[in-house]
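Report on the following structure.
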Amino acid sequence: MSHCRDEHSHSQDGHGHHDHDHDHDGPDRGTEDSLYSRIDRDNVRCLNEKEPNSGKNVIKPWNERDDTSKYVESDVDEQLILFIPFTGSVKLKSISIKSGSGNSCPSILKAYINREDVDFDTVEGYTATQEWELVQSPDVVEYPTRYFAKNFGDEVTRVYYIGLKGEWTEIKKDHIVTLYEATPNPADHKNPAGENKSHYAID
């Protein structure tokens, strides 16, 4: 994951595809290179989740991405740390997130690779492998490789779906991705009409 490349953005490419998510690329588009079956789901854990073990709820197969009955919501503030272990060596290419359209959407996402010691006392002292500003959208939006540090202004953060894509290689030692979500001033992240779709890829 040496750098990010912006493949296309519907807010700029002039194609006019503003009213739907990336399902227009084909019904199986979300399953391409999916790492869902390679996630050690039993050992997925989340810090600051309101309901115990609810962090696992967002690790779903692609065909369940629109199921909003299962989600994770933060507890005492808007921050969440999600640990996602894999059953082998993973080269992570992208992450898709569905989080709703309100201010409970995470607005900043940071990823820490192969760190199991991240918590709220230590996370700011570590350099994230990557960091993104997220789109405030009810659709599934795909980003390059995730800590939800902030949301768009609500007291809690809610996420319905996280999907990961990449390459998997069997090894003896498990690998883990830690995601941190968190909340800037909503006025600093205004989203003009029609600019609620993004798609990126990682080399």
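Convention: chains lettered A, B, ... in structure tokens order; per-chain residue numbering from 1; ligands numbered from 1 as shown.
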
### Message
Could you list, as a list in words, every residue within 12 Å of Val76 in chain A, counting only C-alpha atoms and ignoring same-chain residues fewer than 4 positions away?
### Response
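My list of contacting residues is Leu47, Asn48, Glu49, Lys50, Glu51, Leu80, Asp154, Glu155, Val156 and Thr157 of chain A.
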
### Task
Find the residue from A:Arg115, A:Arg65, A:Arg45, A:Arg38 that sits nearest to Gly163 in chain A; use only C-alpha atoms when measuring.
A:Arg65

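Distance check against Lys150 in chain A using only C-alpha atoms: of A:Glu167, A:Glu116, A:Asp42, A:Glu131, the minimum falls on A:Glu131.
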
### Query
Using only C-alpha atoms, which residue out of A:Val58, A:Val140, A:Cys105, A:Ile39 lies closest to Gly166 in chain A?
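Looking only at the distances to Gly166 in chain A, the closest residue turns out to be A:Ile39.
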
#### Entry: Atom pair CA of Asp33 in chain A / CA of Tyr180 in chain A: separation (Å)
23.1 Å

#### Entry: Residue neighbourhood Gly55 in chain A, 12 Å, only C-alpha atoms, exclusion window fewer than 6 positions, as a list in words
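Final neighbour list, sorted by chain and number: Arg41, Asp42, Asn43, Val44, Arg45, Cys46, Leu47, Asn48, Glu49, Lys70, Tyr71, Val72, Glu73, Ser74, Asp75, Leu80, Ile81, Leu82, Phe83, Ile84, Arg158, Val159, Tyr160, Tyr161, Ile162 and Leu179 of chain A.
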
### Query
Could you work out how far CA of Phe86 in chain A lies from CA of Tyr36 in chain A, giving the answer in Å with one decimal?
9.2 Å

### Query
Looking at A:Asp121, A:Gln79, A:Ala128, A:Gln136, which one is nearest to Ile97 in chain A, with distances taken over only C-alpha atoms?
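Of A:Asp121, A:Gln79, A:Ala128, A:Gln136, the one nearest Ile97 in chain A, counting only C-alpha atoms, is A:Gln136.
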
### Task
For CA of Asn114 in chain A and CA of Asn63 in chain A, quote the distance in Å rounded to one decimal.
28.1 Å
